[in-house]
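Containing TSV, C-alpha atoms and all ligand atoms: upload.tsv.
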chain	number	residue	atom	x	y	z
A	438	MET	CA	-0.14	-19.52	10.12
A	439	ALA	CA	0.07	-21.31	6.73
A	440	VAL	CA	-3.36	-21.71	5.17
A	441	SER	CA	-4.22	-25.22	3.89
A	442	ASN	CA	-6.99	-24.68	1.36
A	443	ALA	CA	-6.42	-23.10	-2.04
A	444	MET	CA	-9.69	-21.16	-2.15
A	445	THR	CA	-9.13	-19.47	1.22
A	446	SER	CA	-5.53	-18.85	0.18
A	447	ASP	CA	-6.70	-17.13	-3.02
A	448	PHE	CA	-9.12	-14.99	-1.02
A	449	LEU	CA	-6.35	-13.98	1.40
A	450	HIS	CA	-4.17	-12.96	-1.55
A	451	SER	CA	-7.01	-11.01	-3.13
A	452	ALA	CA	-7.92	-9.31	0.15
A	453	TYR	CA	-4.26	-8.41	0.67
A	454	GLY	CA	-4.15	-6.81	-2.79
A	455	GLY	CA	-7.39	-4.93	-2.17
A	456	GLU	CA	-6.29	-3.65	1.25
A	457	SER	CA	-2.87	-2.60	-0.08
A	458	MET	CA	-4.50	-0.56	-2.84
A	459	ALA	CA	-7.07	0.92	-0.42
A	460	HIS	CA	-4.23	1.93	1.93
A	461	MET	CA	-2.49	3.61	-0.99
A	462	ARG	CA	-5.46	5.50	-2.46
A	463	TYR	CA	-6.47	6.85	0.97
A	464	LEU	CA	-2.97	8.33	1.32
A	465	THR	CA	-3.42	9.92	-2.11
A	466	TRP	CA	-6.96	11.15	-1.41
A	467	GLY	CA	-5.90	12.45	2.02
A	468	ALA	CA	-3.35	14.70	0.34
A	469	VAL	CA	-6.09	15.97	-2.01
A	470	ALA	CA	-8.40	16.73	0.96
A	471	GLU	CA	-5.57	18.61	2.71
A	472	LYS	CA	-5.05	20.77	-0.41
A	473	GLU	CA	-8.79	21.46	-0.68
A	474	GLY	CA	-8.78	22.85	2.88
A	475	PHE	CA	-10.36	19.86	4.70
A	476	PRO	CA	-7.72	18.94	7.31
A	477	ASN	CA	-10.11	16.73	9.30
A	478	ILE	CA	-11.19	14.74	6.25
A	479	ALA	CA	-7.48	14.44	5.42
A	480	LYS	CA	-6.89	13.08	8.93
A	481	LEU	CA	-9.73	10.58	8.50
A	482	PHE	CA	-8.18	9.32	5.23
A	483	GLU	CA	-4.76	9.03	6.87
A	484	ALA	CA	-6.11	7.14	9.89
A	485	ILE	CA	-8.24	4.75	7.83
A	486	SER	CA	-5.27	4.22	5.51
A	487	PHE	CA	-3.47	2.88	8.59
A	488	ALA	CA	-6.44	0.59	9.40
A	489	GLU	CA	-6.20	-0.87	5.86
A	490	ARG	CA	-2.50	-1.43	6.50
A	491	VAL	CA	-3.42	-3.44	9.60
A	492	HIS	CA	-5.81	-5.55	7.50
A	493	ALA	CA	-3.24	-6.07	4.72
A	494	ASN	CA	-0.60	-7.08	7.24
A	495	ASN	CA	-2.98	-9.54	8.95
A	496	HIS	CA	-3.89	-11.20	5.63
A	497	PHE	CA	-0.22	-11.32	4.59
A	498	LYS	CA	0.75	-13.14	7.76
A	499	GLU	CA	-1.97	-15.77	7.29
A	500	ILE	CA	-0.51	-16.72	3.90
A	501	ASP	CA	2.10	-19.48	3.88
A	502	GLY	CA	5.43	-18.42	5.32
A	503	THR	CA	7.80	-19.42	2.51
A	504	THR	CA	8.88	-16.84	-0.05
A	505	SER	CA	6.87	-17.20	-3.25
A	506	ASP	CA	5.49	-15.21	-6.17
A	507	ALA	CA	1.80	-14.96	-6.90
A	508	THR	CA	-0.44	-13.24	-9.38
A	509	VAL	CA	-3.08	-11.40	-7.40
A	510	THR	CA	-6.51	-10.38	-8.69
A	511	ALA	CA	-8.19	-7.75	-6.57
A	512	GLY	CA	-10.81	-5.04	-6.77
A	513	ALA	CA	-9.85	-1.39	-6.49
A	514	VAL	CA	-11.34	2.04	-6.96
A	515	PHE	CA	-9.68	4.68	-9.12
A	516	GLY	CA	-10.25	8.37	-9.55
A	517	THR	CA	-8.34	11.55	-8.92
A	518	GLY	CA	-11.19	14.02	-8.62
A	519	LYS	CA	-12.33	16.37	-5.90
A	520	THR	CA	-12.73	15.21	-2.31
A	521	VAL	CA	-16.51	14.84	-2.57
A	522	ASP	CA	-16.00	12.43	-5.51
A	523	ASN	CA	-13.08	10.64	-3.87
A	524	LEU	CA	-15.28	10.05	-0.81
A	525	GLN	CA	-17.90	8.46	-3.07
A	526	GLY	CA	-15.18	6.14	-4.37
A	527	ALA	CA	-14.19	5.36	-0.77
A	528	ILE	CA	-17.82	4.63	0.22
A	529	ASN	CA	-18.27	2.37	-2.84
A	530	GLY	CA	-15.13	0.42	-1.99
A	531	GLU	CA	-16.01	-0.02	1.68
A	532	LEU	CA	-19.60	-1.06	0.89
A	533	HIS	CA	-18.37	-3.62	-1.62
A	534	GLU	CA	-16.20	-5.13	1.12
A	535	VAL	CA	-19.02	-5.02	3.71
A	536	GLU	CA	-21.86	-6.31	1.54
A	537	GLN	CA	-20.11	-8.79	-0.73
A	538	MET	CA	-16.39	-9.44	-0.46
A	539	TYR	CA	-15.75	-10.12	3.22
A	540	PRO	CA	-19.02	-12.00	3.88
A	541	VAL	CA	-18.16	-14.40	1.01
A	542	TYR	CA	-14.52	-14.75	2.09
A	543	LEU	CA	-15.51	-15.30	5.71
A	544	ASN	CA	-18.06	-17.92	4.69
A	545	ALA	CA	-15.42	-19.81	2.69
A	546	ALA	CA	-12.93	-19.68	5.56
A	547	GLU	CA	-15.60	-21.04	7.94
A	548	PHE	CA	-16.56	-23.79	5.48
A	549	GLN	CA	-12.88	-24.73	5.08
A	550	ASN	CA	-12.23	-24.43	8.81
A	551	GLU	CA	-9.40	-21.93	8.32
A	552	LYS	CA	-9.24	-20.33	11.76
A	553	GLY	CA	-6.57	-17.72	11.04
A	554	ALA	CA	-8.25	-16.50	7.87
A	555	GLN	CA	-11.61	-16.33	9.67
A	556	ARG	CA	-10.06	-14.05	12.26
A	557	SER	CA	-8.40	-11.84	9.67
A	558	PHE	CA	-11.54	-11.52	7.50
A	559	HIS	CA	-13.74	-10.91	10.56
A	560	PHE	CA	-11.48	-8.11	11.82
A	561	ALA	CA	-11.57	-6.42	8.41
A	562	LEU	CA	-15.33	-6.80	7.94
A	563	GLU	CA	-16.09	-5.15	11.28
A	564	ALA	CA	-13.80	-2.20	10.58
A	565	GLU	CA	-15.09	-1.65	7.02
A	566	LYS	CA	-18.65	-1.17	8.36
A	567	ILE	CA	-17.39	1.73	10.44
A	568	HIS	CA	-15.30	3.10	7.55
A	569	ALA	CA	-18.32	3.21	5.22
A	570	ASP	CA	-20.24	5.17	7.85
A	571	LEU	CA	-17.42	7.62	8.62
A	572	PHE	CA	-16.76	8.33	4.94
A	573	ALA	CA	-20.50	8.99	4.48
A	574	GLN	CA	-20.37	11.51	7.35
A	575	ALA	CA	-17.33	13.13	5.76
A	576	GLN	CA	-19.08	13.33	2.39
A	577	ASN	CA	-22.15	15.00	3.94
A	578	ALA	CA	-19.88	17.75	5.25
A	579	ALA	CA	-17.90	18.03	1.98
A	580	LYS	CA	-21.12	18.34	-0.04
A	581	GLU	CA	-21.84	21.56	1.89
A	582	GLY	CA	-18.29	22.75	1.33
A	583	LYS	CA	-17.43	22.13	4.99
A	584	ASP	CA	-14.79	20.06	6.74
A	585	MET	CA	-15.89	17.12	8.92
A	586	GLU	CA	-16.10	17.77	12.66
A	587	LEU	CA	-13.69	15.62	14.63
A	588	LYS	CA	-10.84	16.01	17.09
A	589	SER	CA	-8.91	12.81	16.52
A	590	VAL	CA	-9.21	9.32	15.08
A	591	TYR	CA	-8.11	6.17	16.96
A	592	ILE	CA	-7.17	2.91	15.20
A	593	CYS	CA	-6.70	-0.50	16.84
A	594	PRO	CA	-3.36	-1.83	15.55
A	595	VAL	CA	-4.52	-5.44	15.94
A	596	CYS	CA	-7.80	-5.39	14.00
A	597	GLY	CA	-8.16	-1.90	12.48
A	598	HIS	CA	-11.16	-0.92	14.62
A	599	THR	CA	-11.75	2.79	14.03
A	600	VAL	CA	-13.30	5.29	16.42
A	601	LEU	CA	-13.49	9.09	16.68
A	602	ASP	CA	-12.29	11.30	19.53
A	603	GLY	CA	-11.42	8.62	22.13
A	604	ALA	CA	-10.48	4.94	22.33
A	605	PRO	CA	-12.59	2.48	24.35
A	606	ASP	CA	-11.08	0.65	27.35
A	607	ASN	CA	-10.99	-2.51	25.25
A	608	CYS	CA	-11.40	-2.88	21.50
A	609	PRO	CA	-14.96	-4.18	20.95
A	610	VAL	CA	-13.74	-6.37	18.06
A	611	CYS	CA	-10.46	-7.93	19.27
A	612	GLY	CA	-10.19	-6.94	22.94
A	613	ALA	CA	-6.94	-4.95	22.61
A	614	LYS	CA	-6.34	-2.46	25.42
A	615	LYS	CA	-7.04	1.26	25.13
A	616	ASP	CA	-3.38	2.30	25.26
A	617	MET	CA	-2.55	0.21	22.19
A	618	TYR	CA	-4.75	2.35	19.92
A	619	LYS	CA	-2.86	4.62	17.52
A	620	LYS	CA	-4.05	8.22	17.58
A	621	PHE	CA	-4.30	10.42	14.48
B	1024	MET	CA	-3.76	12.76	-17.38
B	1025	ALA	CA	-6.41	10.36	-18.76
B	1026	VAL	CA	-4.82	7.54	-20.74
B	1027	SER	CA	-6.44	6.80	-24.15
B	1028	ASN	CA	-5.42	3.23	-24.92
B	1029	ALA	CA	-6.81	0.22	-23.08
B	1030	MET	CA	-3.56	-1.76	-23.05
B	1031	THR	CA	-1.52	1.03	-21.46
B	1032	SER	CA	-4.43	1.65	-19.08
B	1033	ASP	CA	-4.37	-2.02	-18.02
B	1034	PHE	CA	-0.62	-1.84	-17.49
B	1035	LEU	CA	-0.99	1.29	-15.35
B	1036	HIS	CA	-3.61	-0.48	-13.21
B	1037	SER	CA	-1.41	-3.56	-12.86
B	1038	ALA	CA	1.68	-1.50	-12.02
B	1039	TYR	CA	-0.36	0.43	-9.43
B	1040	GLY	CA	-1.43	-2.86	-7.83
B	1041	GLY	CA	2.11	-4.19	-7.84
B	1042	GLU	CA	3.59	-1.01	-6.36
B	1043	SER	CA	0.88	-0.82	-3.67
B	1044	MET	CA	1.63	-4.38	-2.59
B	1045	ALA	CA	5.42	-3.79	-2.71
B	1046	HIS	CA	4.95	-0.68	-0.54
B	1047	MET	CA	2.98	-2.77	1.93
B	1048	ARG	CA	5.29	-5.80	2.16
B	1049	TYR	CA	8.36	-3.57	2.64
B	1050	LEU	CA	6.64	-1.99	5.65
B	1051	THR	CA	5.98	-5.50	6.97
B	1052	TRP	CA	9.49	-6.77	6.24
B	1053	GLY	CA	11.03	-3.59	7.70
B	1054	ALA	CA	9.32	-4.36	11.01
B	1055	VAL	CA	10.76	-7.91	10.87
B	1056	ALA	CA	14.29	-6.56	10.21
B	1057	GLU	CA	13.94	-4.16	13.16
B	1058	LYS	CA	12.98	-7.06	15.45
B	1059	GLU	CA	15.92	-9.16	14.20
B	1060	GLY	CA	18.32	-6.37	15.21
B	1061	PHE	CA	19.02	-4.90	11.75
B	1062	PRO	CA	17.96	-1.24	12.14
B	1063	ASN	CA	19.70	-0.14	8.94
B	1064	ILE	CA	18.07	-2.84	6.82
B	1065	ALA	CA	14.78	-1.80	8.46
B	1066	LYS	CA	15.49	1.79	7.41
B	1067	LEU	CA	16.23	0.65	3.85
B	1068	PHE	CA	12.88	-1.19	3.70
B	1069	GLU	CA	11.05	1.83	5.09
B	1070	ALA	CA	12.70	4.23	2.62
B	1071	ILE	CA	12.15	1.99	-0.40
B	1072	SER	CA	8.56	1.46	0.73
B	1073	PHE	CA	8.17	5.22	0.32
B	1074	ALA	CA	9.72	5.06	-3.18
B	1075	GLU	CA	7.11	2.43	-4.15
B	1076	ARG	CA	4.44	4.78	-2.81
B	1077	VAL	CA	5.75	7.47	-5.16
B	1078	HIS	CA	5.50	5.01	-8.09
B	1079	ALA	CA	1.98	3.89	-7.12
B	1080	ASN	CA	0.84	7.49	-6.79
B	1081	ASN	CA	2.32	8.41	-10.19
B	1082	HIS	CA	0.59	5.49	-11.92
B	1083	PHE	CA	-2.71	6.27	-10.13
B	1084	LYS	CA	-2.66	9.84	-11.38
B	1085	GLU	CA	-2.09	8.76	-14.98
B	1086	ILE	CA	-5.29	6.69	-14.91
B	1087	ASP	CA	-8.47	8.46	-16.01
B	1088	GLY	CA	-9.72	11.01	-13.49
B	1089	THR	CA	-13.34	9.88	-13.02
B	1090	THR	CA	-14.24	7.58	-10.12
B	1091	SER	CA	-14.50	3.99	-11.28
B	1092	ASP	CA	-14.04	0.42	-10.11
B	1093	ALA	CA	-11.56	-1.94	-11.69
B	1094	THR	CA	-10.37	-5.47	-11.20
B	1095	VAL	CA	-6.59	-5.35	-11.03
B	1096	THR	CA	-4.28	-8.26	-11.80
B	1097	ALA	CA	-0.77	-7.75	-10.47
B	1098	GLY	CA	2.30	-9.69	-9.43
B	1099	ALA	CA	3.38	-9.80	-5.81
B	1100	VAL	CA	5.80	-11.61	-3.57
B	1101	PHE	CA	4.70	-13.29	-0.34
B	1102	GLY	CA	6.58	-14.71	2.58
B	1103	THR	CA	6.96	-13.98	6.25
B	1104	GLY	CA	10.30	-15.52	6.96
B	1105	LYS	CA	13.60	-14.22	8.26
B	1106	THR	CA	15.14	-11.05	6.89
B	1107	VAL	CA	17.62	-12.90	4.69
B	1108	ASP	CA	14.68	-14.70	3.00
B	1109	ASN	CA	12.53	-11.58	2.83
B	1110	LEU	CA	15.41	-9.82	1.09
B	1111	GLN	CA	15.50	-12.62	-1.49
B	1112	GLY	CA	11.79	-11.99	-2.07
B	1113	ALA	CA	12.51	-8.28	-2.43
B	1114	ILE	CA	15.34	-8.92	-4.92
B	1115	ASN	CA	13.12	-11.28	-6.95
B	1116	GLY	CA	10.33	-8.71	-7.12
B	1117	GLU	CA	12.63	-5.84	-8.12
B	1118	LEU	CA	14.40	-7.94	-10.77
B	1119	HIS	CA	11.06	-8.99	-12.26
B	1120	GLU	CA	10.16	-5.32	-12.61
B	1121	VAL	CA	13.57	-4.38	-14.05
B	1122	GLU	CA	14.01	-7.27	-16.48
B	1123	GLN	CA	10.45	-7.92	-17.61
B	1124	MET	CA	7.54	-5.86	-16.35
B	1125	TYR	CA	8.59	-2.24	-16.79
B	1126	PRO	CA	10.48	-2.75	-20.09
B	1127	VAL	CA	7.32	-4.33	-21.59
B	1128	TYR	CA	5.02	-1.68	-20.12
B	1129	LEU	CA	7.31	1.13	-21.27
B	1130	ASN	CA	7.49	-0.34	-24.77
B	1131	ALA	CA	3.69	-0.48	-24.99
B	1132	ALA	CA	3.35	3.11	-23.77
B	1133	GLU	CA	5.87	4.24	-26.40
B	1134	PHE	CA	4.12	2.26	-29.13
B	1135	GLN	CA	0.78	3.79	-28.10
B	1136	ASN	CA	2.29	7.26	-27.69
B	1137	GLU	CA	1.11	7.58	-24.09
B	1138	LYS	CA	3.44	10.29	-22.80
B	1139	GLY	CA	2.30	10.32	-19.17
B	1140	ALA	CA	2.50	6.56	-18.78
B	1141	GLN	CA	5.96	6.55	-20.42
B	1142	ARG	CA	7.15	9.01	-17.80
B	1143	SER	CA	5.63	7.06	-14.92
B	1144	PHE	CA	7.00	3.68	-16.11
B	1145	HIS	CA	10.43	5.20	-16.85
B	1146	PHE	CA	10.66	6.72	-13.35
B	1147	ALA	CA	9.80	3.37	-11.75
B	1148	LEU	CA	12.16	1.34	-13.95
B	1149	GLU	CA	15.14	3.52	-13.07
B	1150	ALA	CA	14.44	3.32	-9.34
B	1151	GLU	CA	13.88	-0.45	-9.33
B	1152	LYS	CA	17.39	-1.02	-10.76
B	1153	ILE	CA	18.82	0.74	-7.71
B	1154	HIS	CA	16.46	-1.10	-5.35
B	1155	ALA	CA	17.56	-4.51	-6.65
B	1156	ASP	CA	21.18	-3.53	-6.07
B	1157	LEU	CA	20.60	-2.12	-2.56
B	1158	PHE	CA	18.60	-5.15	-1.44
B	1159	ALA	CA	21.43	-7.39	-2.71
B	1160	GLN	CA	23.91	-5.38	-0.62
B	1161	ALA	CA	21.61	-5.73	2.39
B	1162	GLN	CA	21.32	-9.46	1.85
B	1163	ASN	CA	25.11	-9.87	1.67
B	1164	ALA	CA	25.34	-8.32	5.12
B	1165	ALA	CA	22.38	-10.28	6.52
B	1166	LYS	CA	23.89	-13.57	5.28
B	1167	GLU	CA	26.84	-12.90	7.59
B	1168	GLY	CA	24.49	-12.00	10.43
B	1169	LYS	CA	25.40	-8.32	10.13
B	1170	ASP	CA	23.39	-5.17	9.59
B	1171	MET	CA	23.96	-3.17	6.40
B	1172	GLU	CA	26.28	-0.17	6.66
B	1173	LEU	CA	24.51	3.09	5.89
B	1174	LYS	CA	23.83	6.43	7.55
B	1175	SER	CA	20.67	7.49	5.78
B	1176	VAL	CA	18.57	6.86	2.68
B	1177	TYR	CA	17.25	9.64	0.42
B	1178	ILE	CA	14.20	9.25	-1.84
B	1179	CYS	CA	13.13	11.62	-4.62
B	1180	PRO	CA	9.41	12.30	-4.03
B	1181	VAL	CA	8.81	12.88	-7.77
B	1182	CYS	CA	10.30	9.71	-9.27
B	1183	GLY	CA	11.39	7.48	-6.36
B	1184	HIS	CA	15.13	7.77	-7.12
B	1185	THR	CA	16.95	6.19	-4.18
B	1186	VAL	CA	20.43	7.01	-2.92
B	1187	LEU	CA	22.40	6.33	0.26
B	1188	ASP	CA	23.96	8.86	2.63
B	1189	GLY	CA	23.40	12.09	0.63
B	1190	ALA	CA	21.13	13.49	-2.08
B	1191	PRO	CA	22.58	14.79	-5.38
B	1192	ASP	CA	22.14	18.48	-6.38
B	1193	ASN	CA	19.58	17.37	-8.94
B	1194	CYS	CA	17.84	14.00	-9.27
B	1195	PRO	CA	19.59	12.18	-12.15
B	1196	VAL	CA	16.25	10.71	-13.29
B	1197	CYS	CA	13.72	13.58	-13.06
B	1198	GLY	CA	15.81	16.67	-12.26
B	1199	ALA	CA	14.16	17.44	-8.90
B	1200	LYS	CA	16.27	19.63	-6.59
B	1201	LYS	CA	18.34	18.26	-3.69
B	1202	ASP	CA	16.17	19.83	-0.98
B	1203	MET	CA	13.08	17.99	-2.22
B	1204	TYR	CA	14.53	14.56	-1.35
B	1205	LYS	CA	12.97	12.86	1.66
B	1206	LYS	CA	15.51	11.61	4.19
B	1207	PHE	CA	15.14	8.35	6.14
C	1301	FE	FE	-9.65	-2.93	5.21
C	1302	FE	FE	-11.88	0.21	5.10
C	1303	FE	FE	-9.06	-4.37	17.78
C	1304	FE	FE	8.39	0.74	-7.63
C	1305	FE	FE	11.39	-1.05	-6.04
C	1306	FE	FE	13.58	12.20	-9.23
Translate the structure of the given file into structure tokens.
Amino acid sequence: MAVSNAMTSDFLHSAYGGESMAHMRYLTWGAVAEKEGFPNIAKLFEAISFAERVHANNHFKEIDGTTSDATVTAGAVFGTGKTVDNLQGAINGELHEVEQMYPVYLNAAEFQNEKGAQRSFHFALEAEKIHADLFAQAQNAAKEGKDMELKSVYICPVCGHTVLDGAPDNCPVCGAKKDMYKKF
Amino acid sequence: MAVSNAMTSDFLHSAYGGESMAHMRYLTWGAVAEKEGFPNIAKLFEAISFAERVHANNHFKEIDGTTSDATVTAGAVFGTGKTVDNLQGAINGELHEVEQMYPVYLNAAEFQNEKGAQRSFHFALEAEKIHADLFAQAQNAAKEGKDMELKSVYICPVCGHTVLDGAPDNCPVCGAKKDMYKKF
């Protein structure tokens, strides 16, 4: 585990902070969606909240194993509006991770030859692409005052891969087997 | 809702970041305790993780309602060791909140007459005192290789008040009724 290079270590800490806050706000926004009468959008928030937990946990485990304090600087989105606005916040956050944060962090981990961090950043980056797309679909429905159409959401507990209505035989990102996926 | 003063707003953001990360690491450390054969310590981590979620959610709601990005700086504890070490990390984090962070944040919110933030910081401060004590009890057991003795843990979903084995008629911190407590 234990990361050797300070820059990759800082990025793991920051990514952990960002994922922990994303996990938390999706729980909060899921409860808002439920109250607004969008149970499927609420389910999407709950499921993706779990995917962010997987990412946070992966980053946490790549950080050195001894107990220590750190001051963490991380990006987060705030807002306690209606679901259509909360989904815009979610899309903004995911796109920031996809277009800027994780590509830069992954590049640093490659440059510093930090294998564990590369894996953890790669897993997150791949899932965030899907999250941005799913939240955009949800927002299209919410803009028309409708709930999103979905039966269930499946999350890979190893990498956070996210898919609607049925898990693949093997996770396309990490290879985990179908029966490991958590269903929401 | 909407906080007026920048300093209290910064402290709410920081406290939200800190609570989100505490929520997350207690989920992680709970899973470690379960694997080490301490199901009651695992239950304590899981329950207190929920209390930190209550705190995070309270702080989040006190921050201005429009969707916006922010860079959050927050303290966190890291470490993926054995349960006895993880509990030391938990105690350190709770004591930092009790002895330094929340007293300073509460003082600022009082000075700036931010009523909502005062309430949210006060709720967290009172719960963290109990958390520090419960984690110390858990660590005393773990040091002897034993699980903690408890039947159940009850959390007030309004303020995060935490109590073992039975909820009071009314929460001593926020007044919520007994039947609102969440049992773990
Ligand atoms: Fe993520
Ligand atoms: Fe995501
Ligand atoms: Fe996967
Ligand atoms: Fe807390
Ligand atoms: Fe606490
Ligand atoms: Fe309470």
Item to check | Contacts with ligand FE 1303 (chain C) at most 7 Å, only C-alpha atoms and all ligand atoms counted, listed as a PyMOL selection string | outcome: chain A and resi 593-598+608-613
Please, which residues in chain A fall within 7 Å of chain B when counting all atoms listed in the file, and what is the closest atom pair and distance in Å to one decimal for each, ordered by chain then residue number, as CSV?
residue,atom,partner,partner_atom,distance
A:Gly454,CA,B:Met1044,CA,6.3
A:Ser457,CA,B:Met1044,CA,5.5
A:Met458,CA,B:Ser1043,CA,5.4
A:Met461,CA,B:Ser1043,CA,6.2
A:Thr465,CA,B:Asn1080,CA,6.8
A:Asn494,CA,B:Thr1051,CA,6.8
A:Lys498,CA,B:Thr1103,CA,6.4
A:Asp501,CA,B:Gly1102,CA,6.7
A:Gly502,CA,B:Gly1102,CA,4.8
A:Thr503,CA,B:Gly1102,CA,4.9
A:Thr504,CA,B:Gly1102,CA,4.1
A:Ser505,CA,B:Phe1101,CA,5.3
A:Asp506,CA,B:Val1100,CA,4.5
A:Ala507,CA,B:Ala1099,CA,5.5
A:Thr508,CA,B:Gly1098,CA,4.5
A:Val509,CA,B:Ala1097,CA,5.3
A:Thr510,CA,B:Thr1096,CA,4.4
A:Ala511,CA,B:Val1095,CA,5.3
A:Gly512,CA,B:Thr1094,CA,4.5
A:Ala513,CA,B:Ala1093,CA,5.5
A:Val514,CA,B:Asp1092,CA,4.5
A:Phe515,CA,B:Ser1091,CA,5.3
A:Gly516,CA,B:Thr1090,CA,4.1
A:Thr517,CA,B:Gly1088,CA,4.8
A:Gly518,CA,B:Gly1088,CA,5.9
A:Asp522,CA,B:Thr1090,CA,6.9
A:Gly526,CA,B:Thr1090,CA,6.0
Store the residues picked out above in a file with C-alpha atoms, as a PDB file, keeping the file's coordinate frame.
ATOM      1  CA  GLY A 454      -4.150  -6.810  -2.790  1.00  0.00           C
ATOM      2  CA  SER A 457      -2.870  -2.600  -0.080  1.00  0.00           C
ATOM      3  CA  MET A 458      -4.500  -0.560  -2.840  1.00  0.00           C
ATOM      4  CA  MET A 461      -2.490   3.610  -0.990  1.00  0.00           C
ATOM      5  CA  THR A 465      -3.420   9.920  -2.110  1.00  0.00           C
ATOM      6  CA  ASN A 494      -0.600  -7.080   7.240  1.00  0.00           C
ATOM      7  CA  LYS A 498       0.750 -13.140   7.760  1.00  0.00           C
ATOM      8  CA  ASP A 501       2.100 -19.480   3.880  1.00  0.00           C
ATOM      9  CA  GLY A 502       5.430 -18.420   5.320  1.00  0.00           C
ATOM     10  CA  THR A 503       7.800 -19.420   2.510  1.00  0.00           C
ATOM     11  CA  THR A 504       8.880 -16.840  -0.050  1.00  0.00           C
ATOM     12  CA  SER A 505       6.870 -17.200  -3.250  1.00  0.00           C
ATOM     13  CA  ASP A 506       5.490 -15.210  -6.170  1.00  0.00           C
ATOM     14  CA  ALA A 507       1.800 -14.960  -6.900  1.00  0.00           C
ATOM     15  CA  THR A 508      -0.440 -13.240  -9.380  1.00  0.00           C
ATOM     16  CA  VAL A 509      -3.080 -11.400  -7.400  1.00  0.00           C
ATOM     17  CA  THR A 510      -6.510 -10.380  -8.690  1.00  0.00           C
ATOM     18  CA  ALA A 511      -8.190  -7.750  -6.570  1.00  0.00           C
ATOM     19  CA  GLY A 512     -10.810  -5.040  -6.770  1.00  0.00           C
ATOM     20  CA  ALA A 513      -9.850  -1.390  -6.490  1.00  0.00           C
ATOM     21  CA  VAL A 514     -11.340   2.040  -6.960  1.00  0.00           C
ATOM     22  CA  PHE A 515      -9.680   4.680  -9.120  1.00  0.00           C
ATOM     23  CA  GLY A 516     -10.250   8.370  -9.550  1.00  0.00           C
ATOM     24  CA  THR A 517      -8.340  11.550  -8.920  1.00  0.00           C
ATOM     25  CA  GLY A 518     -11.190  14.020  -8.620  1.00  0.00           C
ATOM     26  CA  ASP A 522     -16.000  12.430  -5.510  1.00  0.00           C
ATOM     27  CA  GLY A 526     -15.180   6.140  -4.370  1.00  0.00           C
TER      28      GLY A 526
END
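Counting from CA of Ala1155 in chain B, the distance to CA of Tyr1204 in chain B is 20.0 Å.
Once all atoms listed in the file are used for the distance check, the residues close to ligand FE 1302 (chain C) at 7 Å turn out to be Ile485, Ala488, Glu489, Glu531, Ala564, Glu565 and His568 of chain A.
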Can you spit out the residues from that selection as a PDB file, in the coordinates of the input, using C-alpha atoms?
ATOM      1  CA  ILE A 485      -8.240   4.750   7.830  1.00  0.00           C
ATOM      2  CA  ALA A 488      -6.440   0.590   9.400  1.00  0.00           C
ATOM      3  CA  GLU A 489      -6.200  -0.870   5.860  1.00  0.00           C
ATOM      4  CA  GLU A 531     -16.010  -0.020   1.680  1.00  0.00           C
ATOM      5  CA  ALA A 564     -13.800  -2.200  10.580  1.00  0.00           C
ATOM      6  CA  GLU A 565     -15.090  -1.650   7.020  1.00  0.00           C
ATOM      7  CA  HIS A 568     -15.300   3.100   7.550  1.00  0.00           C
TER       8      HIS A 568
END
Within 10 Å of Ala1131 in chain B, counting only C-alpha atoms, which residues show up once you throw out same-chain ones fewer than 6 positions away? Write them as a tab-separated table (two decimals) with C-alpha atoms, keeping the file's coordinate frame, please.
chain	number	residue	atom	x	y	z
B	1028	ASN	CA	-5.42	3.23	-24.92
B	1030	MET	CA	-3.56	-1.76	-23.05
B	1031	THR	CA	-1.52	1.03	-21.46
B	1034	PHE	CA	-0.62	-1.84	-17.49
B	1125	TYR	CA	8.59	-2.24	-16.79
B	1137	GLU	CA	1.11	7.58	-24.09
B	1140	ALA	CA	2.50	6.56	-18.78
B	1141	GLN	CA	5.96	6.55	-20.42
Checklist entry - Which residue, A:Phe482, A:Trp466, A:Tyr542, A:Phe487, has the smallest gap to Ala452 in chain A when you use all atoms listed in the file? => result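 Using all atoms listed in the file, Ala452 in chain A sits closest to A:Tyr542.
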Checklist entry - If you measure from CA of Leu532 in chain A to CA of Val469 in chain A, what distance in Å do you get, rounded to one decimal? => result 21.9 Å
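Every residue within 10 Å of the file position (7.6, -5.6, -18.7), judged by only C-alpha atoms, is given as Phe1034, Ala1038, His1119, Glu1120, Val1121, Glu1122, Gln1123, Met1124, Tyr1125, Pro1126, Val1127, Tyr1128, Leu1129, Asn1130, Ala1131, Phe1144 and Leu1148 of chain B.
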Checklist entry - By how many Å are CA of Ala578 in chain A and CA of Lys615 in chain A apart? => result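 The value is 28.8 Å.
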Item to check | Shortest interatomic distance to Leu1035 in chain B - which of B:Pro1062, B:Ile1114, B:Val1107, B:Gly1139, counting only C-alpha atoms | outcome: B:Gly1139
Item to check | Shortest interatomic distance to ligand FE 1304 (chain C) - which of B:Lys1174, B:His1082, B:Arg1142, B:Lys1205, counting all atoms listed in the file | outcome: B:His1082
Checklist entry - Which of these residues is nearest to Glu563 in chain A, using only C-alpha atoms: A:Ala443, A:Thr599, A:Asn607, A:Phe475? => result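 Of the candidates, the smallest distance to Glu563 in chain A is held by A:Thr599.
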Next on the checklist: Using only C-alpha atoms and a cutoff of 12 Å, can you tell me which residues are near (-19.5, 17.7, 2.7) in the file's coordinates, and write them out as a VMD selection string?
Outcome noted: chain A and resid 470 473 to 475 477 to 478 519 to 525 571 to 586
Checklist entry - Taking into account only C-alpha atoms and all ligand atoms, which residue in the set B:Glu1057, B:Ile1178, B:Ser1032, B:Met1203 is nearest to ligand FE 1304 (chain C)? => result B:Ile1178
Checklist entry - Given the choices B:Leu1067, B:Ala1054, B:Ala1190, B:Ile1153, which gets closest to Leu1173 in chain B if the distance is worked out from all atoms listed in the file? => result B:Leu1067
